[in-house]
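Beneath this line is the structure, given in structure tokens, with notes to follow.
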Protein chains: 2
Amino acid sequence: MKSVNYANVKVNGGFWKEKQDMIKNITAMAVYDRFQDTHRFEALKCQWKEGDPNMPHIFWDSDVAKWIEGAAYLLGYERNDTLEALIEEAIGDIIRNSDENGYFNSHFLVTEQDKRFQLRDCHELYCAGHLMEAAVAYYEATGKRAFLDAMCKYADYIEKVFKIEKSAAFITPGHPELELALVKLANATGEKRYMDLAKYFIDEHGKNDEEKDYIPWATWLYNQDEMLIKDRSTVDGHCVRAMYLLAAAADIAAEYGDEELKAACERCFDNAVNKRMYITGGLGSTHIGEAFTADYHLPNRTSYTETCAAIALALFAQRMLQLSVKAEYADIVEKVIYNGALSGISLDGKGFFYENPLEIDPEFNDVFVSTTQKQHYAITQRVEVFECSCCPPNILRFISSIAGMMFTSDEDTVYVHQYMNAEASFENTKLNLCTEYPVCGEICIKCVTDKKQLALRIPGWCQNFSLNCDYEIKDGYAYLAVDGETEIVLTLEMPVRAMRANRRVHDDAGRVAIVRGPIVYCAEGLDNGPDVKGIFVDTKAGFELGECEFLVPSVLAKGYRPVESDRLYLLAEEEEFEEISVKLIPYFAYANRETTEMQVWLLKK
Amino acid sequence: MKSVNYANVKVNGGFWKEKQDMIKNITAMAVYDRFQDTHRFEALKCQWKEGDPNMPHIFWDSDVAKWIEGAAYLLGYERNDTLEALIEEAIGDIIRNSDENGYFNSHFLVTEQDKRFQLRDCHELYCAGHLMEAAVAYYEATGKRAFLDAMCKYADYIEKVFKIEKSAAFITPGHPELELALVKLANATGEKRYMDLAKYFIDEHGKNDEEKDYIPWATWLYNQDEMLIKDRSTVDGHCVRAMYLLAAAADIAAEYGDEELKAACERCFDNAVNKRMYITGGLGSTHIGEAFTADYHLPNRTSYTETCAAIALALFAQRMLQLSVKAEYADIVEKVIYNGALSGISLDGKGFFYENPLEIDPEFNDVFVSTTQKQHYAITQRVEVFECSCCPPNILRFISSIAGMMFTSDEDTVYVHQYMNAEASFENTKLNLCTEYPVCGEICIKCVTDKKQLALRIPGWCQNFSLNCDYEIKDGYAYLAVDGETEIVLTLEMPVRAMRANRRVHDDAGRVAIVRGPIVYCAEGLDNGPDVKGIFVDTKAGFELGECEFLVPSVLAKGYRPVESDRLYLLAEEEEFEEISVKLIPYFAYANRETTEMQVWLLKK
């Protein structure tokens, strides 16, 4: 099974063309400018000295690296001298300031110089991984090797210190990321040592007896260190760490044919998406440790659901497709890209959410609290940069390379996992998808290939579909024979549906989420008046589609709201309702107008 | 308007006889023993020295004082040599160790000796207030004056330091309580100076410009110091402090005919009970500062609803009856005594809750949290003593003197506020109430009095009642003429009802609370299976009364629960329900069998 690189696929219309144009025209420079303002690029010059302001933070390199990676993907589609010059400047600083071993870290090179590879939880190898991913992206986009070579030297040094000499104070990265970067580095360079090093870190992860209590505010579980990956059945601890680790584990399971590791990945995927995932594809039930909590514990207002965690779930799910072609994996990728990840960026391309809760009740966020402690709630408006600003460049690189999630292929088959209006060219194959998806479900596919068959994902949310040819369904994919030039029309019925949660999800009891195709909807106070949490949706009255205000139609539903009262408690039998039209907008578009209430889960009449 | 002392009213059968017997036979010694174990009585000996274990805590005196007060109320009904000897021993220590000024504080006399009256938030005057209340109770129960005299000397000293010389580092008590104690002391001794001192503290409260930032973890609001009491319209900050303060303010408004202060008390009472009170009579929407938050912000699972705050609300409401005889005040007293206060003590009389939430979901309380931080949830089983053990002796004194809330009188009228099976004798009046209330609503009242009329509260929850005589309704009381010996039968219809909350209470949206008469019910997982939060109650199908397992009938309702599923999200239209019988028990009895889910607010079919 091979993936089809994003650069082989051109999104040339529809929903994702709009989003990619926004990323290219607005987001790339918006993120760059804010990182300039906040001295993140300056840090690469390694000029900081004790007493200077703006000490380079331990994770700034990763922010810059993700920006380079995202910008490189844009270059992969289209030359852009401005972007390329900015990347070259940053890369130049990195290469120039790397030490004789190839080591680069803008924090540890200028502060805490004696702490190199001593502090497991200080994101050192996490930053290294992101630099390597950036180097691979820039090399693939431009053919320029200098950055890639520098990062290979760095990887060699890490191999020496961690795997050969074992002279570091810890065994495996505290924040996984390097593992999946090494897989990319191995694939880009053909150097199997990097793949073996990735495998080494995956295999060693959890062998950390000697590191007990290495960080006082975290537990082993926080870093997924309480057991070997191959023994895992649940996803635990810090969500982004868990997902990056499992994404790399899936890579390694596929590369080495490791059935035990594959089975662990499958168990963990199942646990994540069938027990611990919000309907938006968001992960993280608590801000405390940015972490998973327990099966079915999915509070909406205090969900953490970090943008990066949703992206990381998509990266994991996409890699699971290498192990088995099952629609459930690509379904999750789709759920993430239209909901829990996309909500992380504003419609104008400049603002970002770190947390993406499923309920906002702004009036009660800043209620008086009598001490210096405060209940934690997500911010209600996107901002341009965070102190910990991992999410903005992560969205940049995710959306700019999103077409890389559309196809994979093996000897006989071209697999179509995601539907976007796009044309692709790879391995004697030309594909053209013409569709307004996800506005509607009709997809025209033209295909010229020397493969024997096409496999088209039939999304799990789709109950009725039609295909104008013979096909066979297996694991959620429609397999159909192709011979030379083929034209297919796939029609996915896409009615508005009301979904409920498992009864064990106590926070969603009595409530429904409205979905259409892959899009999860929400109701905002701005459209529906106050006290949205108390509005009932009449799911039996049918739904109407509204305007495409946010690229996809809004949904109108018949609903009821309790009439106002001055009394605090009233007889239920005296309760009066007014009939209202409930307007639902796509979840990804929430909080783009003003601060207002928001609910994904609505009471069901 | 005069109150009728508890000792003039003998509860001689029914619900409260059971509870008072439990208090007398079990609770009094159970609390004493735990306070002995935890060195609280030992502290009164003032023998502690630097380096010794068990340093007297700043609020231990208040715990002991409330125990003495509660035990004294028992003596007021019935001689008990054991109890009296224990009280005498404690009192002896207090008197012996009071200094030449009359000052007693088991903390500041042995530690931080230079800090006397320097640290406003260290409960010094709060402890003094509870000692004075205890002294009044013991004097009234036994006629012995030694303790009362000692506390008068202490009050004189406080008057000198705070009001005359103004030599303390602060103006008013950080934790109100002394104010209402001084009112009691004034009434017990006839010494108007104590009343004037209470008035002084009430009037000065909020004049604290010079004390800015006196305590780093609190705000002015926390201690109700952000404005003068007479300017208040909302209840804010620490609930117990706010209620004790307002209770004293109501006393002072009545005593001095202060219309401005009365109006403030009325506004605050309205705000408390019509915007910020749980249906159980509990107060406190957050554990952070044990505080009020905002109007209509009443989360159920994380409610603080401290037992002491419910008791304090009853103390405030009872004092409001001195200002105006309105049923809404006595209704709140009733709500508290049957629900939010009574839930604070176990059915065996030995265990106590500090927090009384309206929802318990124990499975998710101890979910993995990846750092040392943890979400705060109330404990799920009562315990015998707390480090901060204010609630156990508060319940002791509250229930042992609860009959003091039944009646008040003025020149012409005897007011009956609470209905218990009891006989009372005061001011040429003899009253006999014969009733099984709150098991049923029939109350037979025999009355011999030289007053002109009886006023019987018709509870706000009661929609239909009958009286076998002529009457006139005013402010929720039925006024009826009496002449010599009178027999009246009042019948309050007491059907099971479903209540809903104001639509602005987002946490109760779509849900109902089941009540019967003054009793609020809840559903426990033990009776109803798991996932109680997802059970629907069919409020139109009627309710049946079950056994009197907990002194009042349980309630049986027709209900529905979603059928189990392996999937996390499902189409709502495919949702299947099973019909079930929902068993509801009185809220005060929750958590008396085992740790299990509990819900007051249930989904409404």
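Here's how to read the names in the structure tokens: chain A, B, ... by the order shown, residue numbers from 1 in each chain, ligand numbers from 1 in the order shown.
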Selection near His238 of chain B, 6 Å with only C-alpha atoms, sequence-local residues under 2 positions removed, as a tab-separated table (two decimals) with N, CA and C atoms, in the first residue's frame:
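Resulting contents of out29.tsv:
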chain	number	residue	atom	x	y	z
B	222	TYR	N	-15.58	37.98	48.34
B	222	TYR	CA	-15.57	36.73	49.09
B	222	TYR	C	-16.12	36.94	50.50
B	240	VAL	N	-21.83	30.78	53.50
B	240	VAL	CA	-22.14	30.75	54.93
B	240	VAL	C	-21.93	32.15	55.53
B	241	ARG	N	-20.81	32.77	55.13
B	241	ARG	CA	-20.55	34.14	55.62
B	241	ARG	C	-21.69	35.07	55.24
B	289	GLY	N	-13.97	28.93	46.79
B	289	GLY	CA	-14.46	29.94	47.72
B	289	GLY	C	-15.76	29.56	48.39
B	290	GLU	N	-16.23	28.32	48.18
B	290	GLU	CA	-17.49	27.86	48.80
B	290	GLU	C	-18.57	28.92	48.58
B	291	ALA	N	-18.75	29.27	47.30
B	291	ALA	CA	-19.37	30.57	47.01
B	291	ALA	C	-20.57	30.52	46.08
(message) List as an MDAnalysis selection string the protein and nucleic acid residues near segment 69-75 of chain B, meaning an atom at most 10 Å away when only C-alpha atoms are counted, but skip any in the same chain fewer than 5 places from it.
(response) chainID B and resid 6:7 20:21 23:24 27:29 32 63:64 80:81 83:84 86:87 130:142 393:402
(message) Ranking B:Val161, B:Cys127, B:Ala188, B:Leu454 by minimum distance to His175 of chain B and counting only C-alpha atoms, which one comes first?
(response) B:Cys127
(message) Could you tell me which residues of chain B sit within 6 Å of chain A when counting only C-alpha atoms, and give me the result as a ChimeraX atom specification?
(response) /B:217-219,222,237,274,289,293-294,367-368,370-372,498-502,504,506,509,531,533-534,568-572
(request) Could you please determine the separation between atom CA of Ala309 of chain A and atom CA of Gln36 of chain A in Å, to one decimal place? (result)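 Value for the atom CA of Ala309 of chain A-atom CA of Gln36 of chain A distance: 25.1 Å.
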(request) Mind checking which residues fall within 8 Å of segment 590-593 of chain B, counting only C-alpha atoms, ignoring those fewer than 3 positions away in the same chain, and posting them as a VMD selection string? (result) chain B and resid 343 346 to 347 380 to 382 522 524 585 to 587 596 598
Write the selection just made, keeping C-alpha atoms, as a short mmCIF file (atom, residue, chain, number, x, y, z; two decimals), in the first residue's frame?
data_model
loop_
_atom_site.label_atom_id
_atom_site.label_comp_id
_atom_site.auth_asym_id
_atom_site.auth_seq_id
_atom_site.Cartn_x
_atom_site.Cartn_y
_atom_site.Cartn_z
CA SER B 343 -29.06 15.44 53.65
CA SER B 346 -26.70 10.01 57.66
CA LEU B 347 -29.73 7.98 58.62
CA THR B 380 -19.94 10.18 47.80
CA GLN B 381 -20.26 8.75 51.31
CA ARG B 382 -20.73 10.57 54.59
CA CYS B 522 -33.93 11.83 43.83
CA GLU B 524 -30.28 6.50 42.86
CA ILE B 585 -36.33 8.30 47.39
CA PRO B 586 -36.23 11.48 49.46
CA TYR B 587 -33.16 13.52 48.66
CA THR B 596 -24.08 4.89 43.45
CA MET B 598 -27.78 9.98 42.05
#
(request) Work out how far atom CA of Ala242 of chain A is from atom CA of Phe353 of chain A, in Å to one decimal. (result) 20.4 Å
(message) Can you tell me which residues surround Phe316 of chain A at a distance of at most 8 Å, considering only C-alpha atoms, apart from same-chain residues fewer than 5 positions away, and format the answer as a ChimeraX atom specification?
(response) /A:243-244,246-248,250
(request) Please provide the set of residues having any atom within 6 Å of segment 194-197 of chain A, restricted to only C-alpha atoms, with same-chain residues fewer than 2 positions apart removed, written as a PyMOL selection string. (result) chain A and resi 182-183+186+192+199-200
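For segment 421-428 of chain B, the set of protein, DNA and RNA residues having any atom at most 7 Å away, when counting only C-alpha atoms and skipping those fewer than 5 positions along the same chain, is Asn8, Val9, Lys10, Val11, Asn12, Gly13, Gly14, Leu433, Cys434, Thr435, Glu436, Thr449 and Asp450 of chain B.
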